[in-house]
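Asks: If it helps, the file is called upload.cif and holds mmCIF, C-alpha atoms:
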```cif
data_coords
loop_
_atom_site.label_atom_id
_atom_site.label_comp_id
_atom_site.auth_asym_id
_atom_site.auth_seq_id
_atom_site.Cartn_x
_atom_site.Cartn_y
_atom_site.Cartn_z
CA MET D 30 -30.43 -0.12 -17.71
CA ALA D 31 -33.30 -1.67 -19.64
CA SER D 32 -33.24 0.78 -22.53
CA SER D 33 -29.48 0.53 -23.04
CA LYS D 34 -28.28 0.39 -26.63
CA GLY D 35 -25.43 -1.82 -25.56
CA LYS D 36 -22.66 -2.32 -23.00
CA VAL D 37 -19.42 -0.37 -23.26
CA LEU D 38 -16.16 -1.13 -21.48
CA ILE D 39 -13.85 1.89 -21.13
CA VAL D 40 -10.13 1.14 -20.99
CA GLU D 41 -8.27 4.34 -20.13
CA ASP D 42 -5.57 5.05 -17.54
CA GLN D 43 -6.27 8.76 -17.18
CA PHE D 44 -9.12 9.40 -14.78
CA LEU D 45 -10.33 12.63 -16.41
CA ALA D 46 -10.35 11.14 -19.92
CA ALA D 47 -12.28 8.12 -18.61
CA GLU D 48 -14.80 10.46 -16.96
CA PHE D 49 -15.45 12.36 -20.21
CA LEU D 50 -15.91 9.12 -22.14
CA LYS D 51 -18.28 7.82 -19.50
CA ILE D 52 -20.45 10.94 -19.60
CA TRP D 53 -20.67 10.86 -23.39
CA VAL D 54 -21.24 7.13 -23.71
CA GLU D 55 -24.15 7.36 -21.27
CA ALA D 56 -25.49 10.46 -23.03
CA TYR D 57 -25.72 8.40 -26.23
CA GLY D 58 -27.83 5.83 -24.41
CA PHE D 59 -25.22 3.13 -23.82
CA GLU D 60 -24.37 1.48 -20.54
CA VAL D 61 -20.82 1.73 -19.17
CA CYS D 62 -20.16 -1.71 -17.70
CA GLY D 63 -16.70 -0.88 -16.36
CA VAL D 64 -13.58 1.30 -16.47
CA ALA D 65 -10.13 -0.33 -16.56
CA LYS D 66 -6.73 1.37 -16.21
CA SER D 67 -4.59 -1.60 -17.20
CA ALA D 68 -4.65 -4.34 -19.83
CA ASN D 69 -5.06 -7.02 -17.17
CA ARG D 70 -8.02 -5.29 -15.60
CA ALA D 71 -9.56 -4.79 -19.07
CA VAL D 72 -9.37 -8.52 -19.75
CA GLU D 73 -10.94 -9.28 -16.36
CA LEU D 74 -13.80 -6.82 -16.82
CA ALA D 75 -14.44 -7.97 -20.40
CA SER D 76 -14.82 -11.60 -19.37
CA GLN D 77 -17.07 -10.55 -16.50
CA HIS D 78 -19.39 -8.22 -18.45
CA MET D 79 -19.14 -9.37 -22.11
CA PRO D 80 -19.30 -5.80 -23.50
CA ASP D 81 -20.62 -4.97 -26.99
CA TYR D 82 -18.00 -2.24 -27.40
CA VAL D 83 -14.60 -1.56 -25.92
CA LEU D 84 -13.19 1.99 -25.97
CA MET D 85 -9.51 1.16 -25.93
CA ASP D 86 -6.71 3.59 -25.05
CA MET D 87 -3.25 2.61 -26.29
CA ARG D 88 -1.04 3.72 -23.39
CA LEU D 89 -2.15 1.92 -20.27
CA GLU D 90 -0.90 1.41 -16.76
CA GLY D 91 1.51 -1.54 -16.57
CA ASP D 92 3.63 -3.23 -19.22
CA ARG D 93 0.93 -4.12 -21.74
CA ASP D 94 -0.76 -1.72 -24.16
CA GLY D 95 -4.26 -1.53 -25.61
CA VAL D 96 -3.53 -3.92 -28.47
CA ASP D 97 -2.28 -6.55 -26.02
CA ALA D 98 -5.55 -6.25 -24.12
CA ALA D 99 -7.69 -6.32 -27.28
CA LEU D 100 -5.95 -9.40 -28.70
CA GLU D 101 -6.45 -11.27 -25.45
CA ILE D 102 -10.11 -10.27 -25.16
CA SER D 103 -10.67 -11.31 -28.80
CA GLN D 104 -9.66 -14.87 -27.99
CA THR D 105 -12.95 -15.48 -26.15
CA GLN D 106 -15.39 -12.82 -27.40
CA GLN D 107 -15.90 -10.39 -30.27
CA PRO D 108 -16.75 -6.93 -29.00
CA ARG D 109 -16.18 -4.02 -31.38
CA PHE D 110 -12.95 -2.23 -30.51
CA ILE D 111 -12.90 1.53 -30.85
CA TYR D 112 -9.36 2.73 -30.26
CA CYS D 113 -8.85 6.11 -28.63
CA THR D 114 -5.24 7.14 -29.03
CA GLY D 115 -3.33 10.31 -28.29
CA SER D 116 -0.86 9.63 -31.06
CA SER D 117 -1.42 9.34 -34.81
CA GLU D 118 2.23 8.41 -35.37
CA PRO D 119 2.76 5.65 -37.97
CA SER D 120 4.26 3.38 -35.30
CA THR D 121 1.07 3.63 -33.22
CA MET D 122 -1.16 3.09 -36.27
CA LYS D 123 0.88 0.07 -37.29
CA ARG D 124 0.58 -1.33 -33.80
CA ILE D 125 -3.19 -0.85 -33.77
CA ALA D 126 -3.43 -2.49 -37.20
CA GLU D 127 -2.13 -5.70 -35.57
CA ASP D 128 -5.62 -5.93 -34.14
CA HIS D 129 -8.64 -5.38 -36.40
CA PRO D 130 -10.09 -2.20 -35.00
CA PHE D 131 -13.65 -1.24 -35.75
CA GLU D 132 -12.69 2.43 -35.50
CA ILE D 133 -9.73 4.60 -34.50
CA LEU D 134 -10.37 7.95 -32.84
CA ILE D 135 -7.53 10.41 -32.26
CA LYS D 136 -7.50 12.37 -29.01
CA PRO D 137 -8.77 14.91 -28.15
CA ILE D 138 -11.93 13.03 -28.98
CA ASN D 139 -14.92 14.86 -30.32
CA HIS D 140 -18.08 13.49 -28.70
CA GLU D 141 -19.90 13.54 -32.05
CA ASP D 142 -17.25 11.25 -33.58
CA LEU D 143 -17.54 8.97 -30.58
CA GLY D 144 -21.33 8.91 -30.90
CA ALA D 145 -21.13 8.24 -34.62
CA ALA D 146 -18.74 5.35 -34.04
CA LEU D 147 -20.97 3.80 -31.37
CA LEU D 148 -24.16 4.23 -33.37
CA ARG D 149 -22.65 2.85 -36.60
CA ALA D 150 -23.04 -0.72 -35.39
CA MET K 27 63.98 -8.01 -18.99
CA PRO K 28 67.12 -6.69 -20.68
CA GLU K 29 66.89 -2.98 -21.65
CA VAL K 30 67.24 -3.78 -25.39
CA MET K 31 64.40 -6.26 -25.31
CA PHE K 32 62.19 -3.81 -23.45
CA GLN K 33 62.83 -1.05 -25.96
CA GLU K 34 62.14 -3.34 -28.90
CA LEU K 35 58.86 -4.38 -27.32
CA ALA K 36 57.88 -0.82 -26.40
CA ASP K 37 58.87 0.57 -29.79
CA HIS K 38 56.60 -1.91 -31.56
CA ALA K 39 53.69 -1.51 -29.17
CA PRO K 40 50.59 -0.13 -30.94
CA VAL K 41 50.34 2.70 -28.39
CA MET K 42 52.50 5.70 -27.53
CA VAL K 43 54.80 4.89 -24.61
CA TRP K 44 56.84 7.13 -22.31
CA ARG K 45 59.04 6.55 -19.30
CA ALA K 46 60.17 8.85 -16.49
CA GLY K 47 62.90 8.47 -13.90
CA THR K 48 62.60 8.93 -10.16
CA ASP K 49 63.21 12.68 -10.69
CA LYS K 50 59.89 13.06 -12.60
CA LEU K 51 61.80 13.86 -15.77
CA CYS K 52 60.87 11.83 -18.84
CA ASN K 53 63.85 9.98 -20.21
CA TRP K 54 62.47 7.83 -22.97
CA PHE K 55 59.68 7.79 -25.65
CA ASN K 56 58.83 5.06 -28.13
CA HIS K 57 58.80 5.47 -31.93
CA LEU K 58 55.07 5.94 -32.10
CA TRP K 59 55.31 8.89 -29.71
CA LEU K 60 58.16 10.52 -31.65
CA ASP K 61 56.36 9.87 -34.96
CA PHE K 62 53.24 11.47 -33.55
CA THR K 63 54.92 14.66 -32.30
CA GLY K 64 57.51 14.80 -35.07
CA ARG K 65 60.17 15.68 -32.53
CA THR K 66 63.43 14.05 -31.45
CA MET K 67 64.03 12.07 -28.27
CA GLU K 68 66.24 14.93 -27.00
CA GLN K 69 63.53 17.52 -27.60
CA GLU K 70 60.94 15.47 -25.69
CA GLN K 71 63.11 14.49 -22.73
CA GLY K 72 62.83 16.21 -19.35
CA TYR K 73 59.74 18.42 -19.56
CA GLY K 74 60.23 18.95 -23.30
CA TRP K 75 57.12 16.86 -24.03
CA ALA K 76 55.01 19.46 -22.12
CA GLU K 77 55.77 22.03 -24.84
CA GLY K 78 53.40 20.11 -27.09
CA VAL K 79 50.51 20.04 -24.60
CA HIS K 80 47.67 22.43 -25.45
CA PRO K 81 48.05 25.61 -23.33
CA ASP K 82 44.51 25.17 -21.97
CA ASP K 83 45.29 21.65 -20.73
CA LEU K 84 48.84 22.20 -19.54
CA ASP K 85 48.24 23.21 -15.91
CA ALA K 86 45.83 20.34 -15.20
CA CYS K 87 48.09 17.89 -17.01
CA VAL K 88 51.23 18.84 -15.10
CA ALA K 89 49.31 18.99 -11.79
CA THR K 90 47.86 15.49 -12.29
CA TYR K 91 51.27 14.15 -13.22
CA THR K 92 53.23 15.70 -10.37
CA THR K 93 50.57 14.95 -7.72
CA ALA K 94 50.32 11.28 -8.73
CA PHE K 95 54.09 11.07 -8.95
CA GLY K 96 54.54 12.48 -5.46
CA ALA K 97 52.09 9.91 -4.06
CA ARG K 98 53.42 7.07 -6.27
CA GLU K 99 49.91 6.50 -7.55
CA LYS K 100 48.50 5.53 -10.92
CA PHE K 101 46.85 8.25 -12.95
CA SER K 102 44.62 8.52 -15.96
CA MET K 103 44.02 11.80 -17.75
CA THR K 104 43.11 13.28 -21.09
CA TYR K 105 44.78 16.28 -22.69
CA ARG K 106 45.44 17.64 -26.14
CA LEU K 107 48.93 17.10 -27.59
CA ARG K 108 50.23 18.77 -30.77
CA ARG K 109 50.76 16.34 -33.63
CA HIS K 110 53.59 16.73 -36.17
CA ASP K 111 51.16 18.50 -38.56
CA GLY K 112 50.25 21.10 -35.92
CA ALA K 113 46.80 19.61 -35.16
CA TYR K 114 45.99 19.05 -31.50
CA ARG K 115 44.69 15.56 -30.74
CA TRP K 116 43.07 14.31 -27.55
CA LEU K 117 45.15 11.65 -25.81
CA LEU K 118 44.16 9.32 -23.02
CA ASP K 119 47.32 8.97 -20.93
CA ASN K 120 47.53 6.17 -18.33
CA GLY K 121 50.62 6.31 -16.11
CA ALA K 122 51.80 4.03 -13.31
CA PRO K 123 54.87 3.80 -11.08
CA TYR K 124 57.23 0.88 -11.58
CA PHE K 125 59.67 -0.72 -9.18
CA LYS K 126 63.00 -2.51 -9.52
CA GLY K 127 64.01 -4.85 -6.74
CA GLY K 128 61.30 -3.32 -4.57
CA MET K 129 62.66 0.19 -5.10
CA PHE K 130 60.69 2.91 -6.87
CA ALA K 131 62.29 3.33 -10.29
CA GLY K 132 60.05 5.83 -12.07
CA TYR K 133 56.88 5.87 -14.18
CA PHE K 134 55.65 4.28 -17.37
CA GLY K 135 52.80 5.61 -19.37
CA THR K 136 50.85 4.75 -22.50
CA CYS K 137 48.78 7.10 -24.60
CA VAL K 138 46.06 6.47 -27.17
CA ASP K 139 44.47 8.98 -29.49
CA VAL K 140 40.83 9.34 -28.39
CA THR K 141 39.98 12.40 -30.50
CA GLU K 142 37.21 10.65 -32.48
CA GLN K 143 35.57 9.25 -29.36
CA ARG K 144 35.90 12.61 -27.65
CA GLU K 145 34.32 14.43 -30.60
CA ALA K 146 31.49 11.90 -30.78
CA HIS K 147 30.98 12.30 -27.04
CA ASP K 148 30.95 16.11 -27.36
CA LEU K 149 28.36 15.84 -30.14
CA VAL K 150 26.11 13.69 -27.96
CA VAL K 151 26.52 16.08 -25.02
CA ALA K 152 25.70 19.04 -27.28
CA ALA K 153 22.67 17.23 -28.73
CA LEU K 154 21.41 16.39 -25.25
CA ALA K 155 21.91 19.97 -24.11
CA GLU K 156 19.96 21.17 -27.16
CA ARG K 157 17.19 18.69 -26.40
CA ASP K 158 17.01 20.03 -22.84
CA VAL K 159 16.77 23.59 -24.11
CA LEU K 160 13.95 22.63 -26.48
CA LEU K 161 12.11 20.71 -23.80
CA ARG K 162 12.37 23.65 -21.41
CA GLU K 163 11.06 25.86 -24.19
CA VAL K 164 8.08 23.52 -24.62
CA TYR K 165 7.43 23.56 -20.86
CA HIS K 166 7.59 27.32 -20.99
CA ARG K 167 5.03 27.43 -23.76
CA VAL K 168 2.76 24.97 -21.99
CA LYS K 169 2.92 27.20 -18.92
CA ASN K 170 2.13 30.29 -21.02
CA ASN K 171 -0.74 28.53 -22.75
CA LEU K 172 -2.18 27.48 -19.40
CA GLN K 173 -1.95 31.10 -18.28
CA GLN K 174 -3.76 32.16 -21.45
CA ILE K 175 -6.49 29.61 -20.77
CA ASP K 176 -6.75 30.94 -17.24
CA GLY K 177 -7.05 34.45 -18.69
CA LEU K 178 -9.79 33.37 -21.09
CA ILE K 179 -11.72 31.78 -18.24
CA ALA K 180 -11.39 34.98 -16.19
CA ILE K 181 -12.72 37.09 -19.08
CA GLU K 182 -15.61 34.69 -19.62
CA ARG K 183 -16.41 34.84 -15.91
CA GLU K 184 -16.67 38.61 -15.99
CA THR K 185 -19.38 38.41 -18.65
CA LEU K 186 -21.58 36.26 -16.39
CA SER K 187 -23.83 37.37 -13.57
CA ASP K 188 -25.14 33.97 -12.47
CA PRO K 189 -23.29 33.10 -9.22
CA ASP K 190 -23.24 29.36 -9.97
CA ALA K 191 -21.74 29.90 -13.40
CA ARG K 192 -19.17 32.35 -12.04
CA HIS K 193 -18.33 29.92 -9.28
CA ALA K 194 -17.88 27.05 -11.75
CA LEU K 195 -15.45 29.11 -13.81
CA SER K 196 -13.48 30.11 -10.69
CA SER K 197 -13.11 26.44 -9.79
CA LEU K 198 -11.96 25.72 -13.32
CA SER K 199 -9.43 28.52 -13.06
CA GLY K 200 -8.03 26.99 -9.88
CA ARG K 201 -7.60 23.63 -11.61
CA VAL K 202 -5.81 25.15 -14.57
CA ARG K 203 -3.48 27.03 -12.19
CA ALA K 204 -2.72 23.85 -10.27
CA MET K 205 -1.51 22.30 -13.53
CA GLY K 206 0.44 25.45 -14.34
CA ALA K 207 2.29 25.23 -11.02
CA VAL K 208 3.98 22.01 -12.18
CA HIS K 209 5.26 23.65 -15.36
CA GLN K 210 6.33 26.74 -13.48
CA ARG K 211 8.57 24.51 -11.33
CA LEU K 212 9.79 22.44 -14.26
CA ILE K 213 11.28 25.47 -15.97
CA SER K 214 13.69 26.04 -13.10
CA SER K 215 14.17 22.38 -12.16
CA ASP K 216 17.50 20.61 -12.70
CA SER K 217 15.65 17.58 -13.96
CA LEU K 218 13.17 17.65 -16.82
CA VAL K 219 11.14 14.68 -15.59
CA GLU K 220 10.80 15.32 -11.89
CA ILE K 221 10.42 18.27 -9.57
CA SER K 222 10.97 18.85 -5.89
CA VAL K 223 7.70 18.47 -3.99
CA GLY K 224 8.60 21.15 -1.45
CA GLY K 225 8.85 24.12 -3.79
CA PHE K 226 5.97 22.94 -5.94
CA MET K 227 3.58 22.50 -3.02
CA SER K 228 4.53 25.88 -1.50
CA ASP K 229 3.94 27.67 -4.83
CA LEU K 230 0.67 25.90 -5.37
CA CYS K 231 -0.70 26.58 -1.88
CA ARG K 232 0.38 30.22 -2.01
CA GLU K 233 -1.48 30.55 -5.31
CA ILE K 234 -4.63 28.87 -3.93
CA GLY K 235 -4.45 31.14 -0.87
CA ARG K 236 -4.12 34.22 -3.05
CA SER K 237 -7.14 33.32 -5.15
CA HIS K 238 -9.20 32.83 -1.99
CA ASN K 239 -8.20 36.22 -0.55
CA LEU K 240 -6.42 34.72 2.44
CA GLY K 241 -4.74 38.06 3.03
CA LYS K 242 -8.13 39.46 4.02
CA ARG K 243 -9.29 36.47 6.07
CA SER K 244 -7.90 35.21 9.36
CA ILE K 245 -7.03 31.81 7.96
CA SER K 246 -3.47 30.61 7.51
CA LEU K 247 -2.00 27.89 5.33
CA ASP K 248 0.66 25.76 6.96
CA VAL K 249 2.62 23.75 4.40
CA GLN K 250 5.18 21.20 5.57
CA VAL K 251 6.58 18.98 2.88
CA ASP K 252 9.69 16.79 2.77
CA ASP K 253 12.42 17.31 0.20
CA SER K 254 11.48 14.37 -2.02
CA LYS K 255 11.16 14.49 -5.79
CA ILE K 256 8.09 13.59 -7.79
CA HIS K 257 7.64 12.60 -11.44
CA ILE K 258 5.86 15.31 -13.42
CA GLU K 259 2.97 13.08 -14.47
CA ARG K 260 2.20 12.31 -10.85
CA ALA K 261 2.91 15.90 -9.83
CA VAL K 262 0.07 17.15 -12.04
CA ILE K 263 -2.38 14.75 -10.38
CA VAL K 264 -1.08 15.44 -6.85
CA GLY K 265 -1.34 19.17 -7.62
CA LEU K 266 -4.96 18.84 -8.78
CA LEU K 267 -5.74 16.79 -5.69
CA VAL K 268 -4.18 19.32 -3.30
CA ASN K 269 -6.03 22.08 -5.13
CA GLU K 270 -9.38 20.34 -4.57
CA LEU K 271 -8.70 19.53 -0.91
CA VAL K 272 -7.32 22.94 0.07
CA THR K 273 -10.00 24.78 -1.93
CA ASN K 274 -12.69 22.69 -0.21
CA ALA K 275 -11.28 23.57 3.20
CA LEU K 276 -11.05 27.28 2.41
CA LYS K 277 -14.58 27.35 1.03
CA HIS K 278 -16.43 25.25 3.59
CA ALA K 279 -14.48 24.89 6.85
CA PHE K 280 -14.57 28.48 8.04
CA PRO K 281 -18.02 29.98 7.49
CA ASP K 282 -19.04 33.40 8.81
CA GLY K 283 -15.54 34.83 8.99
CA ARG K 284 -14.15 32.18 11.33
CA SER K 285 -10.42 31.94 11.77
CA GLY K 286 -8.32 28.82 11.53
CA VAL K 287 -5.51 26.89 9.91
CA VAL K 288 -5.35 24.61 6.88
CA SER K 289 -2.33 22.34 7.02
CA VAL K 290 -0.79 20.46 4.13
CA ARG K 291 1.66 17.63 4.81
CA TYR K 292 3.47 15.44 2.32
CA GLY K 293 6.17 12.94 3.11
CA LYS K 294 7.25 9.39 3.83
CA GLN K 295 5.55 7.54 6.66
CA ALA K 296 5.47 3.88 7.67
CA ALA K 297 2.48 3.30 5.34
CA GLY K 298 4.24 4.89 2.36
CA THR K 299 4.17 8.40 0.94
CA VAL K 300 1.30 10.24 2.60
CA LEU K 301 -0.50 13.41 1.61
CA GLU K 302 -2.59 15.02 4.33
CA VAL K 303 -4.76 18.09 4.12
CA ALA K 304 -6.43 19.06 7.41
CA ASP K 305 -8.30 22.04 8.76
CA ASN K 306 -9.53 23.01 12.24
CA GLY K 307 -12.82 24.36 10.95
CA VAL K 308 -16.42 23.28 11.40
CA GLY K 309 -15.98 19.75 10.05
CA LEU K 310 -18.43 17.59 8.14
CA ASP K 311 -21.73 16.60 9.69
CA PRO K 312 -21.77 12.90 10.67
CA ASP K 313 -25.06 12.65 8.78
CA PRO K 314 -23.97 12.96 5.16
CA ASP K 315 -27.40 14.23 4.09
CA ARG K 316 -27.03 17.29 6.28
CA ASN K 317 -23.82 18.42 4.67
CA ASP K 318 -24.24 21.15 2.17
CA VAL K 319 -22.91 19.20 -0.81
CA ASP K 320 -23.85 21.28 -3.83
CA ALA K 321 -23.14 20.29 -7.43
CA GLY K 322 -19.73 21.98 -7.40
CA ARG K 323 -18.65 20.27 -4.20
CA HIS K 324 -20.00 16.98 -5.47
CA LEU K 325 -17.81 17.30 -8.58
CA GLY K 326 -14.86 18.22 -6.35
CA LEU K 327 -15.29 15.03 -4.32
CA ARG K 328 -15.61 12.93 -7.46
CA LEU K 329 -12.39 14.45 -8.78
CA ILE K 330 -10.63 13.78 -5.47
CA GLU K 331 -11.60 10.11 -5.56
CA GLY K 332 -10.70 9.81 -9.23
CA PHE K 333 -7.28 11.43 -8.83
CA ALA K 334 -6.56 9.31 -5.74
CA ASP K 335 -7.42 6.22 -7.76
CA GLN K 336 -5.21 7.33 -10.64
CA LEU K 337 -2.32 7.58 -8.15
CA ASN K 338 -3.23 4.05 -7.02
CA GLY K 339 -3.87 5.55 -3.63
CA THR K 340 -6.58 5.30 -1.03
CA ILE K 341 -8.10 8.35 0.52
CA GLU K 342 -9.83 8.57 3.87
CA PHE K 343 -11.73 11.44 5.41
CA ALA K 344 -12.03 12.00 9.14
CA SER K 345 -14.04 14.70 10.86
CA ALA K 346 -13.01 15.48 14.42
CA GLY K 347 -12.23 19.08 15.25
CA GLY K 348 -12.26 19.89 11.55
CA THR K 349 -11.81 17.80 8.45
CA ARG K 350 -8.79 15.68 7.66
CA ALA K 351 -8.12 13.97 4.31
CA ARG K 352 -5.36 11.40 4.28
CA LEU K 353 -4.11 9.82 1.07
CA VAL K 354 -1.62 6.98 1.07
CA LEU K 355 0.01 6.99 -2.35
CA GLY K 356 0.44 3.68 -4.12
#
```
Could I get this file's structure written as structure tokens?

Replies:
Amino acid sequence: MASSKGKVLIVEDQFLAAEFLKIWVEAYGFEVCGVAKSANRAVELASQHMPDYVLMDMRLEGDRDGVDAALEISQTQQPRFIYCTGSSEPSTMKRIAEDHPFEILIKPINHEDLGAALLRA
Amino acid sequence: MPEVMFQELADHAPVMVWRAGTDKLCNWFNHLWLDFTGRTMEQEQGYGWAEGVHPDDLDACVATYTTAFGAREKFSMTYRLRRHDGAYRWLLDNGAPYFKGGMFAGYFGTCVDVTEQREAHDLVVAALAERDVLLREVYHRVKNNLQQIDGLIAIERETLSDPDARHALSSLSGRVRAMGAVHQRLISSDSLVEISVGGFMSDLCREIGRSHNLGKRSISLDVQVDDSKIHIERAVIVGLLVNELVTNALKHAFPDGRSGVVSVRYGKQAAGTVLEVADNGVGLDPDPDRNDVDAGRHLGLRLIEGFADQLNGTIEFASAGGTRARLVLG
């Protein structure tokens, strides 16, 4: 995609949620370079595609959460992490704060907020 | 051990102690017991002690005691015993036969006051029961909300005349109902985290059949599902998947009023848990370009693949004498 505004990795274990994100991300002119359901897969895809943005869900398949994945990816590259979480509980926010998120979006995600976050770069 | 030494030991033991002879009658109680009940040794002897047992616990208490005694077996039971101040306290009573020179000589028992533990336990049980009630209430509301959404979609559909738009909303309705079927089952399920696949799948398929007017068409749905349980998160996805597959079959396999059967199978096989939806209709054309895959059907297929992937499963389609979809669940 020559005219892409940047590469986005979607990390989300729910298929439908990942589909919505994909449709919106592409509608805003970005390229989706991969969709991962687990932290391990997210790390793999990030090192393979070097995304500019990562849309990171907190609850993932497997033992590790979104912050685990983000911290590991951050060791070798610096994409902007946009967290997409279903919970605004203090415990979740505290956990996300262990990383240095570029943006936190609370589900259900409004596509305008997502677009604004992506275009703010 | 001399009798005097035994009594001294038993009297100073930090638990209530009783002893019975071979005739089942209690013949001795330690100080702690007598202090607890506030009665004399004479009052407690024989079956006198049973006068202090709570009337609601008496039958079970005496039955446990006499049955164990008859079989010369140990027993452990809880019952309420009246304390000297009139308050009933829960006791844990452990009794065991004892023998002298190899001959059965009677029973010994020790009792501890477990009222606090019992009350704490009852509180936890009550709290858990309350949690279950609340959770069921939430499931009920989710189900009602899904029905409301379904109603809103139906109303919206009636305002439209464009067949594609009406068709899209009907498909959406079917998907919402498939999710509702899980919550419908959860309300009556023993467990709040899993449901039985059998009942769920039957409900769901009946509902899909109803919304496709099966009563007026010569197509039957044959559902055979094992009696396994499924976690609710997976059930929602499996339900959506079955909805797509069965709906596809009902829409495309039997054109021009053809008759036939759509079968749904779910159960353990050598490969793992397998979901199969098959029909004996017209089948897919071997040339994919010649199949009438409109936008709606295209979305359906994308959903099927996505849901299969979310279940960590692999889905295969075969077309011989109809269409067969086979999903091995991961």

Asks: Taking the file as shown, find all residues satisfying the PyMOL selection byres ((chain K) within 7 of (chain D)) and write them as a PyMOL selection string.

Replies: chain K and resi 332-333+336

Asks: Might you spell out which residues the PyMOL selection byres ((chain D and resi 113) around 12) would select in the displayed file, as an MDAnalysis selection string?

Replies: chainID D and resid 39:42 46:47 50 83:89 95:96 110:112 114:117 121:122 125 130:140 142:143 146

Asks: List every protein, DNA or RNA residue that has an atom no more than 12 Å from (55.2, 16.8, -10.5) in the file's coordinate frame, counting only C-alpha atoms, and report them as a ChimeraX atom specification.

Replies: /K:46-52,72-73,76,85-99,133

Asks: What does the distance between CA of Gly91 (chain D) and CA of Ala68 (chain D) come to in Å, to one decimal place?

Replies: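 The value is 7.5 Å.
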
Asks: For a test of reading the model, state the distance in Å between CA of His80 (chain K) and CA of Tyr105 (chain K), rounded to one decimal.

Replies: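 Computing it gives 7.3 Å between the two atoms.
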
Asks: CA of Val64 (chain D) to CA of Arg350 (chain K): how many Å, to one decimal?

Replies: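 Going from CA of Val64 (chain D) over to CA of Arg350 (chain K), I get 28.5 Å.
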
Asks: What does the PyMOL selection byres ((chain K and resi 230-242) around 12) select in this file, as number ranges by chain?

Replies: K: 180, 196-197, 199-211, 223-229, 243-251, 261-262, 264-278, 280, 283-291, 303

Asks: Go through K:Ala279, K:Ala351, K:Leu117, K:Leu186 and flag the residue nearest Arg144 (chain K), using all atoms listed in the file for the distances.

Replies: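 Among the listed residues, the smallest separation from Arg144 (chain K) belongs to K:Leu117.
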
Asks: Give the answer as one residue: which of D:Ala145, D:Ile52, D:Leu74, D:Leu38 has the shortest atom-to-atom distance to Pro108 (chain D), using only C-alpha atoms?

Replies: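 Result for the nearest residue to Pro108 (chain D): D:Leu38.
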
Asks: Of the residues D:Ser103, D:Asp92, D:Asp81, D:Asp97, which is the one nearest to Arg124 (chain D), using all atoms listed in the file?

Replies: D:Asp97
